$ cat work.txt   # compact mmCIF, C-alpha atoms
# COMPACT_ATOMS: atom_id res chain seq x y z
CA MET Y 669 -75.30 42.63 259.75
CA THR Y 670 -71.77 42.07 258.52
CA ALA Y 671 -71.20 38.91 256.57
CA VAL Y 672 -68.45 37.69 254.31
CA VAL Y 673 -69.28 35.56 251.30
CA VAL Y 674 -67.05 33.79 248.81
CA LEU Y 675 -68.00 33.95 245.14
CA GLU Y 676 -66.61 31.22 242.90
CA ILE Y 677 -67.05 31.89 239.22
CA ALA Y 678 -66.79 29.42 236.38
CA GLU Y 679 -67.52 29.53 232.68
CA ASN Y 680 -68.01 26.55 230.40
CA GLY Y 681 -64.82 25.87 228.46
CA ALA Y 682 -62.91 28.77 230.06
CA ASP Y 683 -59.23 28.45 230.74
CA ALA Y 684 -57.34 30.09 233.60
CA ALA Y 685 -56.59 33.25 231.58
CA ARG Y 686 -60.27 33.73 230.67
CA LEU Y 687 -61.37 33.20 234.27
CA ASP Y 688 -58.76 35.67 235.44
CA LEU Y 689 -60.20 38.27 233.06
CA LEU Y 690 -63.78 37.50 234.14
CA SER Y 691 -62.93 37.66 237.83
CA ARG Y 692 -61.16 41.01 237.36
CA ARG Y 693 -64.25 42.39 235.59
CA LEU Y 694 -66.60 41.14 238.29
CA LEU Y 695 -64.27 42.46 241.01
CA ARG Y 696 -64.23 45.88 239.34
CA ASP Y 697 -68.02 45.86 238.96
CA LEU Y 698 -68.56 44.94 242.61
CA ARG Y 699 -66.11 47.61 243.78
CA ASP Y 700 -67.82 50.17 241.53
CA LEU Y 701 -71.02 49.31 243.40
CA GLY Y 702 -69.27 50.22 246.66
CA LEU Y 703 -68.66 46.69 247.91
CA ASP Y 704 -65.57 45.57 249.81
CA ALA Y 705 -64.34 42.83 247.49
CA GLU Y 706 -60.97 41.08 247.07
CA ARG Y 707 -59.57 38.21 245.03
CA LEU Y 708 -59.00 34.97 246.88
CA ALA Y 709 -56.03 32.80 245.98
CA VAL Y 710 -57.33 29.28 245.40
CA ALA Y 711 -55.27 26.25 244.48
CA PRO Y 712 -56.60 24.24 241.53
CA PRO Y 713 -58.38 21.01 242.36
CA ALA Y 714 -56.17 17.92 242.63
CA GLY Y 715 -55.64 16.42 239.19
CA ALA Y 716 -56.94 19.51 237.35
CA LYS Y 717 -55.45 20.10 233.92
CA SER Y 718 -54.73 23.51 232.47
CA GLY Y 719 -57.47 24.74 230.14
CA THR Y 720 -60.20 22.46 231.44
CA SER Y 721 -63.75 23.61 232.08
CA GLY Y 722 -63.22 22.85 235.76
CA ALA Y 723 -61.23 26.05 236.34
CA VAL Y 724 -62.64 28.28 239.06
CA THR Y 725 -61.66 31.65 240.45
CA SER Y 726 -62.87 33.16 243.71
CA LEU Y 727 -63.65 36.55 245.21
CA VAL Y 728 -64.33 37.44 248.84
CA VAL Y 729 -67.03 40.06 249.41
CA GLY Y 730 -67.91 41.77 252.67
CA LEU Y 731 -71.59 42.56 253.08
CA ALA Y 732 -72.77 45.08 255.64
CA GLY Y 733 -76.44 45.98 255.41
CA THR Y 734 -79.29 45.67 252.97
CA GLN Y 735 -77.81 48.06 250.39
CA ALA Y 736 -74.70 45.89 250.11
CA LEU Y 737 -76.83 42.76 249.61
CA VAL Y 738 -78.87 44.42 246.87
CA ALA Y 739 -75.74 45.82 245.21
CA MET Y 740 -74.06 42.41 245.19
CA ILE Y 741 -77.12 40.65 243.78
CA ASN Y 742 -77.52 43.30 241.07
CA GLY Y 743 -73.83 43.08 240.24
CA LEU Y 744 -73.89 39.29 240.05
CA PHE Y 745 -77.03 39.17 237.97
CA GLY Y 746 -75.66 41.80 235.58
CA TRP Y 747 -72.46 39.79 235.27
CA LEU Y 748 -74.27 36.46 234.78
CA GLY Y 749 -76.63 37.77 232.11
CA PRO Y 750 -74.46 37.37 228.99
CA ARG Y 751 -72.29 34.49 230.22
CA ARG Y 752 -72.34 30.70 229.89
CA GLY Y 753 -71.07 30.19 233.38
CA ASN Y 754 -72.15 30.14 236.97
CA VAL Y 755 -71.47 31.69 240.34
CA LYS Y 756 -71.33 29.73 243.57
CA ILE Y 757 -71.96 31.89 246.64
CA SER Y 758 -70.71 30.45 249.94
CA CYS Y 759 -71.24 31.70 253.44
CA GLY Y 760 -69.86 29.56 256.22
CA ASP Y 761 -70.52 25.93 255.35
CA ARG Y 762 -73.51 26.65 253.12
CA SER Y 763 -73.66 27.61 249.48
CA ILE Y 764 -75.95 28.26 246.55
CA GLU Y 765 -75.09 28.11 242.85
CA LEU Y 766 -76.63 30.31 240.16
CA SER Y 767 -76.34 29.97 236.41
CA ALA Y 768 -79.14 32.36 235.43
CA ALA Y 769 -80.68 35.40 237.02
CA THR Y 770 -84.42 35.43 237.54
CA PRO Y 771 -86.45 37.66 239.87
CA ALA Y 772 -87.42 34.63 241.97
CA GLU Y 773 -83.75 33.58 242.36
CA GLY Y 774 -82.85 37.16 243.25
CA GLN Y 775 -85.43 37.26 246.03
CA ARG Y 776 -84.44 33.84 247.34
CA LEU Y 777 -80.74 34.79 247.30
CA PHE Y 778 -81.50 38.09 249.07
CA GLU Y 779 -83.40 36.30 251.84
CA TRP Y 780 -80.66 33.67 252.17
CA LEU Y 781 -77.92 36.29 252.37
CA GLN Y 782 -79.81 38.18 255.08
CA THR Y 783 -79.34 35.16 257.35
CA CYS Y 784 -75.75 34.55 256.29
CA ASP Y 785 -74.18 35.90 259.48
CA ARG Y 786 -76.47 33.75 261.63
CA GLN Y 787 -75.92 30.44 259.82
CA ASN Y 788 -74.94 27.25 261.50
CA PRO Y 789 -74.95 23.58 260.42
CA GLU Y 790 -78.25 22.89 262.19
CA THR Y 791 -80.12 25.28 259.85
CA ASP Y 792 -78.86 23.66 256.64
CA ALA Y 793 -82.43 22.66 255.72
CA GLU Y 794 -83.11 26.36 255.07
CA ARG Y 795 -80.52 26.46 252.28
CA PRO Y 796 -81.99 27.45 248.91
CA GLY Y 797 -82.19 24.43 246.67
CA ALA Y 798 -81.88 22.01 249.60
$ encode --input "work.txt" --output "structure tokens"
Amino acid sequence: MTAVVVLEIAENGADAARLDLLSRRLLRDLRDLGLDAERLAVAPPAGAKSGTSGAVTSLVVGLAGTQALVAMINGLFGWLGPRRGNVKISCGDRSIELSAATPAEGQRLFEWLQTCDRQNPETDAERPGA
């Protein structure tokens, strides 16, 4: 399996500079785990003001095989642990958002990511949290 997911990170009250720092740390952590990860240039939402809690930054991660899935989940959960933010993981037209890391969420995310490369709009009912 080779899938590409987009990670959008946000932190309550964070400004663009803080999110840039956080995204660089997460990017480094994911690369240290052997994942193919890059920053994604994203335009701010229409009407967004500088320094608002609505700031988001994104990373693109390529996942090939079970080890990559496990590495990404471990990296995300390690990153989420001490933060007041969240991560939205998107694959195709489906997404899941996490704000805390529990073993049950980890297993559900792992199973969801395993089907990421086979997703289509007709299977949206399988989305975690749907």
$ atom_distance --input "work.txt" --atom1 "CA of Gln735 (chain Y)" --atom2 "CA of Leu689 (chain Y)"
26.6 Å
$ closest_residue --input "work.txt" --among "Y:Ala685, Y:Leu766, Y:Leu708, Y:Val729" --to "Val673 (chain Y)" --atoms "only C-alpha atoms"
Y:Val729
$ atom_distance --input "work.txt" --atom1 "CA of Gln775 (chain Y)" --atom2 "CA of Gly681 (chain Y)"
29.4 Å
$ atom_distance --input "work.txt" --atom1 "CA of Gly743 (chain Y)" --atom2 "CA of Leu694 (chain Y)"
7.7 Å
$ closest_residue --input "work.txt" --among "Y:Leu695, Y:Cys784, Y:Pro771, Y:Asp683" --to "Phe745 (chain Y)" --atoms "only C-alpha atoms"
Y:Pro771
$ residues_around --input "work.txt" --residues "Ala671 (chain Y)" --least-positions-apart "2" --cutoff "10 Å" --atoms "all atoms listed in the file" --output "PyMOL selection string"
chain Y and resi 669+673+729-733+737+759-760+781-786
$ closest_residue --input "work.txt" --among "Y:Ser767, Y:Ile741, Y:Glu779, Y:Leu727" --to "Leu687 (chain Y)" --atoms "only C-alpha atoms"
Y:Leu727
$ closest_residue --input "work.txt" --among "Y:Arg776, Y:Gly702, Y:Thr725, Y:Arg686" --to "Ala739 (chain Y)" --atoms "all atoms listed in the file"
Y:Gly702
$ closest_residue --input "work.txt" --among "Y:Asp761, Y:Asp697, Y:Glu679, Y:Asp688" --to "Gly746 (chain Y)" --atoms "all atoms listed in the file"
Y:Asp697
$ build_atoms --input "work.txt" --residues "region 673-708 of chain Y" --atoms "N, CA and C atoms" --output "tab-separated table (two decimals), keeping the file's coordinate frame"
chain	number	residue	atom	x	y	z
Y	673	VAL	N	-68.94	36.66	252.19
Y	673	VAL	CA	-69.28	35.56	251.30
Y	673	VAL	C	-68.14	35.35	250.32
Y	674	VAL	N	-68.04	34.13	249.83
Y	674	VAL	CA	-67.05	33.79	248.81
Y	674	VAL	C	-67.82	33.51	247.53
Y	675	LEU	N	-67.40	34.17	246.45
Y	675	LEU	CA	-68.00	33.95	245.14
Y	675	LEU	C	-67.01	33.15	244.31
Y	676	GLU	N	-67.43	32.01	243.81
Y	676	GLU	CA	-66.61	31.22	242.90
Y	676	GLU	C	-67.25	31.29	241.53
Y	677	ILE	N	-66.48	31.77	240.56
Y	677	ILE	CA	-67.05	31.89	239.22
Y	677	ILE	C	-66.43	30.86	238.29
Y	678	ALA	N	-67.23	30.39	237.37
Y	678	ALA	CA	-66.79	29.42	236.38
Y	678	ALA	C	-67.51	29.72	235.08
Y	679	GLU	N	-66.89	29.38	233.99
Y	679	GLU	CA	-67.52	29.53	232.68
Y	679	GLU	C	-67.20	28.29	231.86
Y	680	ASN	N	-68.20	27.76	231.20
Y	680	ASN	CA	-68.01	26.55	230.40
Y	680	ASN	C	-66.90	26.74	229.39
Y	681	GLY	N	-65.91	25.85	229.42
Y	681	GLY	CA	-64.82	25.87	228.46
Y	681	GLY	C	-63.76	26.93	228.72
Y	682	ALA	N	-63.88	27.70	229.80
Y	682	ALA	CA	-62.91	28.77	230.06
Y	682	ALA	C	-61.61	28.21	230.61
Y	683	ASP	N	-60.52	28.81	230.18
Y	683	ASP	CA	-59.23	28.45	230.74
Y	683	ASP	C	-58.88	29.44	231.86
Y	684	ALA	N	-57.73	29.25	232.47
Y	684	ALA	CA	-57.34	30.09	233.60
Y	684	ALA	C	-57.24	31.56	233.22
Y	685	ALA	N	-56.73	31.85	232.02
Y	685	ALA	CA	-56.59	33.25	231.58
Y	685	ALA	C	-57.96	33.90	231.42
Y	686	ARG	N	-58.91	33.19	230.85
Y	686	ARG	CA	-60.27	33.73	230.67
Y	686	ARG	C	-60.92	33.97	232.02
Y	687	LEU	N	-60.79	33.02	232.95
Y	687	LEU	CA	-61.37	33.20	234.27
Y	687	LEU	C	-60.72	34.35	235.03
Y	688	ASP	N	-59.43	34.55	234.82
Y	688	ASP	CA	-58.76	35.67	235.44
Y	688	ASP	C	-59.36	36.98	234.94
Y	689	LEU	N	-59.58	37.08	233.65
Y	689	LEU	CA	-60.20	38.27	233.06
Y	689	LEU	C	-61.61	38.48	233.61
Y	690	LEU	N	-62.41	37.40	233.64
Y	690	LEU	CA	-63.78	37.50	234.14
Y	690	LEU	C	-63.81	37.91	235.60
Y	691	SER	N	-62.92	37.33	236.41
Y	691	SER	CA	-62.93	37.66	237.83
Y	691	SER	C	-62.51	39.11	238.05
Y	692	ARG	N	-61.57	39.61	237.24
Y	692	ARG	CA	-61.16	41.01	237.36
Y	692	ARG	C	-62.32	41.94	237.00
Y	693	ARG	N	-63.08	41.58	235.98
Y	693	ARG	CA	-64.25	42.39	235.59
Y	693	ARG	C	-65.30	42.39	236.69
Y	694	LEU	N	-65.60	41.22	237.24
Y	694	LEU	CA	-66.60	41.14	238.29
Y	694	LEU	C	-66.11	41.89	239.53
Y	695	LEU	N	-64.84	41.74	239.87
Y	695	LEU	CA	-64.27	42.46	241.01
Y	695	LEU	C	-64.42	43.96	240.81
Y	696	ARG	N	-64.08	44.44	239.64
Y	696	ARG	CA	-64.23	45.88	239.34
Y	696	ARG	C	-65.69	46.31	239.46
Y	697	ASP	N	-66.61	45.52	238.89
Y	697	ASP	CA	-68.02	45.86	238.96
Y	697	ASP	C	-68.52	45.93	240.40
Y	698	LEU	N	-68.12	44.96	241.22
Y	698	LEU	CA	-68.56	44.94	242.61
Y	698	LEU	C	-67.98	46.13	243.38
Y	699	ARG	N	-66.72	46.45	243.12
Y	699	ARG	CA	-66.11	47.61	243.78
Y	699	ARG	C	-66.77	48.90	243.33
Y	700	ASP	N	-67.12	48.99	242.03
Y	700	ASP	CA	-67.82	50.17	241.53
Y	700	ASP	C	-69.17	50.36	242.20
Y	701	LEU	N	-69.75	49.25	242.67
Y	701	LEU	CA	-71.02	49.31	243.40
Y	701	LEU	C	-70.82	49.64	244.88
Y	702	GLY	N	-69.57	49.84	245.28
Y	702	GLY	CA	-69.27	50.22	246.66
Y	702	GLY	C	-69.04	49.06	247.60
Y	703	LEU	N	-68.86	47.86	247.06
Y	703	LEU	CA	-68.66	46.69	247.91
Y	703	LEU	C	-67.19	46.48	248.22
Y	704	ASP	N	-66.92	45.94	249.39
Y	704	ASP	CA	-65.57	45.57	249.81
Y	704	ASP	C	-65.30	44.18	249.27
Y	705	ALA	N	-64.58	44.11	248.15
Y	705	ALA	CA	-64.34	42.83	247.49
Y	705	ALA	C	-62.86	42.66	247.19
Y	706	GLU	N	-62.37	41.42	247.33
Y	706	GLU	CA	-60.97	41.08	247.07
Y	706	GLU	C	-60.90	39.74	246.36
Y	707	ARG	N	-59.81	39.52	245.65
Y	707	ARG	CA	-59.57	38.21	245.03
Y	707	ARG	C	-59.07	37.26	246.10
Y	708	LEU	N	-59.42	36.01	245.96
Y	708	LEU	CA	-59.00	34.97	246.88
Y	708	LEU	C	-58.12	33.99	246.12
